There are 2 protein chains.
Amino acid sequence: MRATLIHGPRDIRVENCPEPTLLADTDAIVRVTASCVCGSDLWPYRGVSQTPRPRRIGHEFIGRIEAVGDGVSTLTVGDFVVAPWANSCGACPPCRHGVQVACEHRAHWGGVDEHGLPVDGGQGEMVRVPNAEGTLVAVPGVTEPDQALSKSLLALSDVMGTGHHAALGARVEPGRSVVVVGDGAVGLCGVLASKRLGATRIIAMSRHSDRAALARAFGATDIVAERGAEAAAKVRELLGGVLADSVLECVGTAESMDQALRCTRPGGALGFVGVPHGDDPLPMSVLFSKNISVAGGAASTRAYLPELLVDVLEGSINPGLVFDSVMDLEQAPEAYRAMDERRAIKVMLIP
Amino acid sequence: MRATLIHGPRDIRVENCPEPTLLADTDAIVRVTASCVCGSDLWPYRGVSQTPRPRRIGHEFIGRIEAVGDGVSTLTVGDFVVAPWANSCGACPPCRHGVQVACEHRAHWGGVDEHGLPVDGGQGEMVRVPNAEGTLVAVPGVTEPDQALSKSLLALSDVMGTGHHAALGARVEPGRSVVVVGDGAVGLCGVLASKRLGATRIIAMSRHSDRAALARAFGATDIVAERGAEAAAKVRELLGGVLADSVLECVGTAESMDQALRCTRPGGALGFVGVPHGDDPLPMSVLFSKNISVAGGAASTRAYLPELLVDVLEGSINPGLVFDSVMDLEQAPEAYRAMDERRAIKVMLIP
């Protein structure tokens with residue numbers, strides 16, 4: 001089968017790889033119908049994080065189950081499934097707490113499982129899924145989704161659940177004002193999640209007309225193009241003299257966190273989901289004096305999938321609109337380039 | 001009148017000072033019946049924060065109103081009042097949000113008000129209170145509290161409200177397990193606040209038998225004397241293999257924050273109220289991977305006073321037990337020594 005590997009900075013290749021087989025009773029084999037490139041895939045692509053040896057890549061995919069191990073009873077061959085970006089057993093204490101990202105038996109797409117066995121990446125034709133029952137979510141009544149539905153289902157693997165996580169971390173609820181820092185797919189889904197949670201005033205920060213337009217389509221009421229202190233002043237002006245109740249940090253840089261803190265009112269809540277790089281620390285003194293709460297981190301999209309899936313199937317949310325580009329899996333190198341150069345918001349790859 | 005000044009590290013003096021007078025329509029003059037020394041007063045006392053020139057000190061006091069400005073209508077001469085540690089106007093956006101510590105018109109005890117006029121410290125015979133209506137809380141039906149009630153009312157000025165703030169930041173509620181880091185007056189009040197909010201399992205960290213005994217009296221079910229990784233292991237053991245849902249950080253050092261983070265389960269909540277020194281930053285990567293939420297900071301005890309006052313007057317909480325020492329105001333230097341050397345949990349000063 002064909003699958004994508006990263007060999008090093010800006011070196012993405014689609015290669016022939018052995019087809020996966022069941023290695024444990026709790027495994028499933030999924031034939032991938034669509035996967036995609038994540039903003040976090042760009043960190044090794046850009047060389048910000050290291051790639052000491054070639055490895056499979058991709059952690060978002062949807063597809064059909066081709067085989068299940070003897071220990072799998074809640075999933076069946078033929079089920080159409082969404083795979084969350086984080087694999088999880090579903091039974092350990094963190095999983096029972098709804099924090100599947102901290103699963104004690106987590107396998108890593110493109111890495112290894114807890115037994116040291118290799119796990120496929122999502123950007124390929126097939127994937128062995130350890131902890132299948134705790135990980136995969138079957139889509140009821142769907143066997144061959146059209147492209148629009150595929151996009152929204154694929155968005156539930158990561159970006160929509162991550163935007164929702166940011167909104168929950170920022171305590172978004174009806175009546176609260178919201179600022180979203182970051183106009184990537186996650187930030188845009190943060191706008192959609194905030195709208196879904198009842199926010200009526202949502203300020204999106206963007207300097208790109210296409211992304212700003214999608215933010216508006218997702219529920220943003222205002223777009224702010226300024227940065228730094230000017231952006232905070234603009235937010236204060238838009239909100240009648242106060243800063244925002246809820247701020248979603250959806251980038252992961254020191255600058256974006258600083259921007260988010262500047263936009264949060266005293267006593268406000270900051271939800272952060274941008275993957276931190278280096279270890280940009282949070283300034284305690286600002287949190288202390290302004291009473292800003294901070295919550296978020298890696299999103300357990302598995303926990304949110306059932307709830308968000310209902311809305312996707314009902315058509316009340318359409319997070320798949322973040323996929324503004326669709327390419328054949330063989331075009332994965334171009335997909336990375338398009339994402340890296342911000343020519344595409346998010347690229348869906350079809351094996 | 002007599003009042004306390006700090007001249008520099010370990011140099012506390014009680015001196016003659018002019019009696020305060022009304023300087024603004026919104027002022028009140030309070031004759032102090034009791035004040036106390038705060039753990040945060042020990043930072044300048046120890047030289048950790050600077051004292052460039054002698055200044056009045058103390059930010060917790062109770063007493064009777066002797067005079068009010070023409071703009072004060074909700075408070076009357078003769079009212080017995082509690083003064084929260086943070087002065088606040090009660091009308092600006094942060095005050096309306098219940099974040100009085102960020103009041104846009106805040107005056108500082110022992111410092112200056114927004115007009116640059118000097119404000120008395122709490123450790124003295126009388127205090128001019130700017131923003132009197134937004135700051136002071138009258139105690140209904142009380143004119144001359146006995147010493148036991150005085151202690152509990154004085155605790156509402158800071159330590160009990162601050163412990164409550166930590167518990168709210170840590171999302172304490174019935175069914176959640178709690179760890180309290182810090183066995184000072186605030187930590188002990190954090191135990192009491194957690195018990196009051198319905199926690200049934202409360203682990204206090206202490207190595208002092210008197211403080212541990214008071215923690216147990218306040219509702220702690222377990223005492224952990226270990227530190228660092230050993231303390232976290234002990235918490236995990238006590239809680240049946242998982243770390244705590246809610247952790248209260250009530251010290252303010254890098255070590256105590258590290259201890260608090262070590263004790264928090266993935267997805268758990270950390271409430272922090274220890275005043276940060278230096279600018280010990282929060283490690284983003286830990287918060288991100290473990291999904292630990294952080295909330296707290298300087299406590300707006302003014303916001304909590306009405307609710308906690310009801311419980312004190314009903315006798316359902318007795319936070320005044322943290323005052324294990326009572327001294328005459330003239331003994332203020334000894335009060336600081338006793339606090340500094342941890343011979344006293346908290347010292348009440350009677351003018």
# chains A, B, ... in the order shown; residues from 1 in each chain; ligands from 1
>>> interface_residues(of="chain B", to="chain A", cutoff="6 Å", atoms="only C-alpha atoms", output="VMD selection string")
chain B and resid 99 267 281 to 284 288 to 289 291 293 to 298
>>> residues_around(residues="Ser88 (chain A)", least_positions_apart="4", cutoff="7 Å", atoms="only C-alpha atoms", output="ChimeraX atom specification")
/A:100,103,105-106,131,134-135
>>> write_last_selection(atoms="N, CA and C atoms", output="PDB file, in the first residue's frame")
ATOM      1  N   GLN A 100      -8.657  11.566  27.344  1.00  0.00           N
ATOM      2  CA  GLN A 100      -8.052  10.463  26.590  1.00  0.00           C
ATOM      3  C   GLN A 100      -6.644  10.769  26.104  1.00  0.00           C
ATOM      4  N   CYS A 103      -4.172   9.019  28.085  1.00  0.00           N
ATOM      5  CA  CYS A 103      -4.390   7.568  28.208  1.00  0.00           C
ATOM      6  C   CYS A 103      -3.100   6.856  28.598  1.00  0.00           C
ATOM      7  N   HIS A 105      -2.388   3.858  28.050  1.00  0.00           N
ATOM      8  CA  HIS A 105      -2.038   2.811  27.084  1.00  0.00           C
ATOM      9  C   HIS A 105      -2.027   3.348  25.662  1.00  0.00           C
ATOM     10  N   ARG A 106      -1.835   4.639  25.556  1.00  0.00           N
ATOM     11  CA  ARG A 106      -1.942   5.300  24.261  1.00  0.00           C
ATOM     12  C   ARG A 106      -0.901   4.815  23.253  1.00  0.00           C
ATOM     13  N   ASN A 131      -6.165  -0.443  20.406  1.00  0.00           N
ATOM     14  CA  ASN A 131      -7.237   0.065  21.287  1.00  0.00           C
ATOM     15  C   ASN A 131      -8.460   0.496  20.470  1.00  0.00           C
ATOM     16  N   GLY A 134     -11.716   1.769  22.187  1.00  0.00           N
ATOM     17  CA  GLY A 134     -11.562   3.010  22.936  1.00  0.00           C
ATOM     18  C   GLY A 134     -11.253   4.203  22.055  1.00  0.00           C
ATOM     19  N   THR A 135     -10.932   3.927  20.804  1.00  0.00           N
ATOM     20  CA  THR A 135     -10.459   4.987  19.916  1.00  0.00           C
ATOM     21  C   THR A 135     -11.485   5.367  18.846  1.00  0.00           C
TER      22      THR A 135
END
>>> residues_around(residues="Thr221 (chain A)", least_positions_apart="2", cutoff="7 Å", atoms="only C-alpha atoms", output="ChimeraX atom specification")
/A:201-203,216,219
>>> atom_distance(atom1="CA of Asp27 (chain B)", atom2="CA of Pro130 (chain B)")
4.5 Å
>>> closest_residue(among="B:Gly78, B:Gly90, B:Pro52, B:Gly111", to="Ala138 (chain B)", atoms="only C-alpha atoms")
B:Gly78
>>> select_by_dssp(residues="region 3-76 of chain B", states="strand (DSSP E or B)", output="ChimeraX atom specification")
/B:3-8,11-16,28-36,55-56,61-68
>>> residues_around(residues="Phe323 (chain A)", least_positions_apart="6", cutoff="10 Å", atoms="only C-alpha atoms", output="ChimeraX atom specification")
/A:36,148,151-152,154-155,185,344-348
>>> write_last_selection(atoms="N, CA and C atoms", output="PDB file, in the first residue's frame")
ATOM      1  N   CYS A  36      -5.661  13.924   6.289  1.00  0.00           N
ATOM      2  CA  CYS A  36      -5.329  15.329   6.043  1.00  0.00           C
ATOM      3  C   CYS A  36      -4.029  15.719   6.723  1.00  0.00           C
ATOM      4  N   ALA A 148     -18.605  16.303   0.937  1.00  0.00           N
ATOM      5  CA  ALA A 148     -18.921  17.338   1.933  1.00  0.00           C
ATOM      6  C   ALA A 148     -19.015  16.716   3.323  1.00  0.00           C
ATOM      7  N   LYS A 151     -15.611  15.628   4.644  1.00  0.00           N
ATOM      8  CA  LYS A 151     -14.819  16.744   5.187  1.00  0.00           C
ATOM      9  C   LYS A 151     -15.222  17.028   6.637  1.00  0.00           C
ATOM     10  N   SER A 152     -16.526  17.054   6.890  1.00  0.00           N
ATOM     11  CA  SER A 152     -16.950  17.374   8.260  1.00  0.00           C
ATOM     12  C   SER A 152     -16.621  16.242   9.233  1.00  0.00           C
ATOM     13  N   LEU A 154     -14.095  14.221   8.925  1.00  0.00           N
ATOM     14  CA  LEU A 154     -12.648  14.284   9.110  1.00  0.00           C
ATOM     15  C   LEU A 154     -12.270  15.433  10.066  1.00  0.00           C
ATOM     16  N   ALA A 155     -13.036  16.510  10.007  1.00  0.00           N
ATOM     17  CA  ALA A 155     -12.773  17.642  10.909  1.00  0.00           C
ATOM     18  C   ALA A 155     -12.983  17.245  12.370  1.00  0.00           C
ATOM     19  N   ALA A 185      -7.213  26.346  10.774  1.00  0.00           N
ATOM     20  CA  ALA A 185      -8.410  25.493  10.847  1.00  0.00           C
ATOM     21  C   ALA A 185      -8.925  25.376  12.282  1.00  0.00           C
ATOM     22  N   ALA A 344      -3.317  27.147   1.524  1.00  0.00           N
ATOM     23  CA  ALA A 344      -4.516  26.372   1.863  1.00  0.00           C
ATOM     24  C   ALA A 344      -4.752  26.464   3.363  1.00  0.00           C
ATOM     25  N   ILE A 345      -6.024  26.491   3.761  1.00  0.00           N
ATOM     26  CA  ILE A 345      -6.338  26.442   5.192  1.00  0.00           C
ATOM     27  C   ILE A 345      -6.087  25.025   5.689  1.00  0.00           C
ATOM     28  N   LYS A 346      -6.661  24.052   4.979  1.00  0.00           N
ATOM     29  CA  LYS A 346      -6.436  22.655   5.354  1.00  0.00           C
ATOM     30  C   LYS A 346      -6.682  21.794   4.127  1.00  0.00           C
ATOM     31  N   VAL A 347      -5.809  20.821   3.911  1.00  0.00           N
ATOM     32  CA  VAL A 347      -5.869  19.983   2.719  1.00  0.00           C
ATOM     33  C   VAL A 347      -6.327  18.579   3.072  1.00  0.00           C
ATOM     34  N   MET A 348      -7.381  18.115   2.393  1.00  0.00           N
ATOM     35  CA  MET A 348      -7.818  16.725   2.558  1.00  0.00           C
ATOM     36  C   MET A 348      -7.070  15.883   1.531  1.00  0.00           C
TER      37      MET A 348
END
>>> atom_distance(atom1="CA of Glu19 (chain A)", atom2="CA of Glu66 (chain A)")
11.9 Å
>>> select_by_dssp(residues="region 104-229 of chain B", states="alpha helix (DSSP H)", output="PyMOL selection string")
chain B and resi 132-135+147-157+159-169+185-196+209-218+228-229
>>> residues_around(residues="Val251 (chain B)", least_positions_apart="3", cutoff="12 Å", atoms="only C-alpha atoms", output="mmCIF file with N, CA, C and O atoms, in the first residue's frame")
data_model
loop_
_atom_site.group_PDB
_atom_site.id
_atom_site.type_symbol
_atom_site.label_atom_id
_atom_site.label_comp_id
_atom_site.auth_asym_id
_atom_site.auth_seq_id
_atom_site.Cartn_x
_atom_site.Cartn_y
_atom_site.Cartn_z
ATOM 1 N N GLY B 39 0.730 36.733 55.724
ATOM 2 C CA GLY B 39 1.903 36.053 55.179
ATOM 3 C C GLY B 39 2.599 36.909 54.141
ATOM 4 O O GLY B 39 3.835 36.903 54.033
ATOM 5 N N SER B 40 1.813 37.678 53.379
ATOM 6 C CA SER B 40 2.432 38.517 52.341
ATOM 7 C C SER B 40 3.173 39.714 52.945
ATOM 8 O O SER B 40 4.051 40.285 52.307
ATOM 9 N N TRP B 43 6.956 39.223 53.080
ATOM 10 C CA TRP B 43 7.883 39.384 51.943
ATOM 11 C C TRP B 43 8.734 40.636 52.097
ATOM 12 O O TRP B 43 9.963 40.549 52.022
ATOM 13 N N THR B 162 -9.591 34.123 50.653
ATOM 14 C CA THR B 162 -8.529 33.664 49.753
ATOM 15 C C THR B 162 -8.526 32.137 49.653
ATOM 16 O O THR B 162 -8.353 31.576 48.565
ATOM 17 N N GLY B 163 -8.728 31.462 50.768
ATOM 18 C CA GLY B 163 -8.854 30.000 50.717
ATOM 19 C C GLY B 163 -10.047 29.575 49.872
ATOM 20 O O GLY B 163 -9.973 28.613 49.099
ATOM 21 N N ALA B 166 -9.181 29.954 46.245
ATOM 22 C CA ALA B 166 -8.358 28.822 45.797
ATOM 23 C C ALA B 166 -9.230 27.602 45.520
ATOM 24 O O ALA B 166 -9.047 26.900 44.515
ATOM 25 N N VAL B 180 -4.396 20.189 49.457
ATOM 26 C CA VAL B 180 -4.056 21.574 49.779
ATOM 27 C C VAL B 180 -2.559 21.652 50.065
ATOM 28 O O VAL B 180 -2.060 20.995 50.984
ATOM 29 N N VAL B 181 -1.853 22.449 49.246
ATOM 30 C CA VAL B 181 -0.419 22.655 49.423
ATOM 31 C C VAL B 181 -0.234 23.960 50.199
ATOM 32 O O VAL B 181 -0.626 25.027 49.717
ATOM 33 N N GLY B 182 0.343 23.865 51.384
ATOM 34 C CA GLY B 182 0.529 25.045 52.230
ATOM 35 C C GLY B 182 -0.290 24.917 53.501
ATOM 36 O O GLY B 182 -1.504 24.734 53.425
ATOM 37 N N ASP B 183 0.379 25.017 54.650
ATOM 38 C CA ASP B 183 -0.334 24.892 55.918
ATOM 39 C C ASP B 183 -0.320 26.200 56.692
ATOM 40 O O ASP B 183 -0.431 26.220 57.916
ATOM 41 N N GLY B 184 -0.173 27.315 55.970
ATOM 42 C CA GLY B 184 -0.347 28.626 56.585
ATOM 43 C C GLY B 184 -1.828 28.900 56.760
ATOM 44 O O GLY B 184 -2.686 28.036 56.492
ATOM 45 N N ALA B 185 -2.147 30.110 57.209
ATOM 46 C CA ALA B 185 -3.547 30.450 57.461
ATOM 47 C C ALA B 185 -4.400 30.301 56.204
ATOM 48 O O ALA B 185 -5.544 29.833 56.268
ATOM 49 N N VAL B 186 -3.846 30.671 55.043
ATOM 50 C CA VAL B 186 -4.613 30.556 53.798
ATOM 51 C C VAL B 186 -4.843 29.097 53.438
ATOM 52 O O VAL B 186 -5.960 28.691 53.075
ATOM 53 N N GLY B 187 -3.805 28.285 53.526
ATOM 54 C CA GLY B 187 -3.966 26.866 53.229
ATOM 55 C C GLY B 187 -4.997 26.221 54.152
ATOM 56 O O GLY B 187 -5.864 25.458 53.709
ATOM 57 N N LEU B 188 -4.917 26.554 55.426
ATOM 58 C CA LEU B 188 -5.875 25.993 56.382
ATOM 59 C C LEU B 188 -7.299 26.448 56.047
ATOM 60 O O LEU B 188 -8.243 25.654 56.090
ATOM 61 N N GLY B 190 -8.201 27.142 53.101
ATOM 62 C CA GLY B 190 -8.516 26.396 51.880
ATOM 63 C C GLY B 190 -9.108 25.034 52.210
ATOM 64 O O GLY B 190 -10.018 24.555 51.512
ATOM 65 N N MET B 205 -1.223 19.052 53.234
ATOM 66 C CA MET B 205 0.211 18.809 53.333
ATOM 67 C C MET B 205 0.759 19.618 54.490
ATOM 68 O O MET B 205 0.673 20.847 54.485
ATOM 69 N N LEU B 248 -5.099 22.916 45.650
ATOM 70 C CA LEU B 248 -5.017 24.318 46.056
ATOM 71 C C LEU B 248 -3.560 24.657 46.358
ATOM 72 O O LEU B 248 -2.950 24.036 47.236
ATOM 73 N N ALA B 254 8.101 28.590 43.679
ATOM 74 C CA ALA B 254 8.246 27.664 42.555
ATOM 75 C C ALA B 254 8.089 26.221 43.048
ATOM 76 O O ALA B 254 7.488 25.380 42.374
ATOM 77 N N GLU B 255 8.596 25.950 44.253
ATOM 78 C CA GLU B 255 8.522 24.595 44.804
ATOM 79 C C GLU B 255 7.063 24.203 45.075
ATOM 80 O O GLU B 255 6.653 23.077 44.804
ATOM 81 N N SER B 256 6.292 25.129 45.630
ATOM 82 C CA SER B 256 4.910 24.783 45.969
ATOM 83 C C SER B 256 4.077 24.599 44.710
ATOM 84 O O SER B 256 3.197 23.734 44.656
ATOM 85 N N MET B 257 4.363 25.405 43.680
ATOM 86 C CA MET B 257 3.625 25.217 42.426
ATOM 87 C C MET B 257 3.997 23.883 41.791
ATOM 88 O O MET B 257 3.137 23.157 41.287
ATOM 89 N N ASP B 258 5.271 23.536 41.834
ATOM 90 C CA ASP B 258 5.702 22.238 41.321
ATOM 91 C C ASP B 258 5.012 21.115 42.095
ATOM 92 O O ASP B 258 4.522 20.143 41.499
ATOM 93 N N GLN B 259 4.937 21.269 43.408
ATOM 94 C CA GLN B 259 4.267 20.262 44.238
ATOM 95 C C GLN B 259 2.797 20.137 43.845
ATOM 96 O O GLN B 259 2.253 19.033 43.726
ATOM 97 N N ALA B 260 2.154 21.271 43.633
ATOM 98 C CA ALA B 260 0.735 21.266 43.263
ATOM 99 C C ALA B 260 0.529 20.582 41.915
ATOM 100 O O ALA B 260 -0.380 19.752 41.751
ATOM 101 N N GLY B 271 -6.044 25.460 41.749
ATOM 102 C CA GLY B 271 -6.391 26.815 42.190
ATOM 103 C C GLY B 271 -5.188 27.410 42.886
ATOM 104 O O GLY B 271 -4.666 26.804 43.826
ATOM 105 N N PHE B 272 -4.722 28.568 42.427
ATOM 106 C CA PHE B 272 -3.504 29.113 43.043
ATOM 107 C C PHE B 272 -3.766 30.509 43.606
ATOM 108 O O PHE B 272 -4.381 31.348 42.967
ATOM 109 N N VAL B 273 -3.329 30.704 44.835
ATOM 110 C CA VAL B 273 -3.502 31.997 45.494
ATOM 111 C C VAL B 273 -2.229 32.486 46.176
ATOM 112 O O VAL B 273 -2.199 33.605 46.687
ATOM 113 N N GLY B 274 -1.201 31.629 46.209
ATOM 114 C CA GLY B 274 0.070 32.088 46.772
ATOM 115 C C GLY B 274 0.624 33.199 45.895
ATOM 116 O O GLY B 274 0.656 33.061 44.672
ATOM 117 N N VAL B 275 1.048 34.299 46.533
ATOM 118 C CA VAL B 275 1.554 35.433 45.757
ATOM 119 C C VAL B 275 2.867 35.019 45.088
ATOM 120 O O VAL B 275 3.812 34.624 45.772
ATOM 121 N N PRO B 276 2.919 35.060 43.743
ATOM 122 C CA PRO B 276 4.157 34.629 43.081
ATOM 123 C C PRO B 276 5.292 35.615 43.316
ATOM 124 O O PRO B 276 5.084 36.818 43.360
ATOM 125 N N HIS B 277 6.481 35.094 43.483
ATOM 126 C CA HIS B 277 7.658 35.955 43.674
ATOM 127 C C HIS B 277 8.669 35.647 42.606
ATOM 128 O O HIS B 277 8.741 34.554 42.106
ATOM 129 N N GLY B 297 -5.345 33.401 41.661
ATOM 130 C CA GLY B 297 -4.717 34.707 41.725
ATOM 131 C C GLY B 297 -5.174 35.459 42.963
ATOM 132 O O GLY B 297 -5.722 34.873 43.904
#
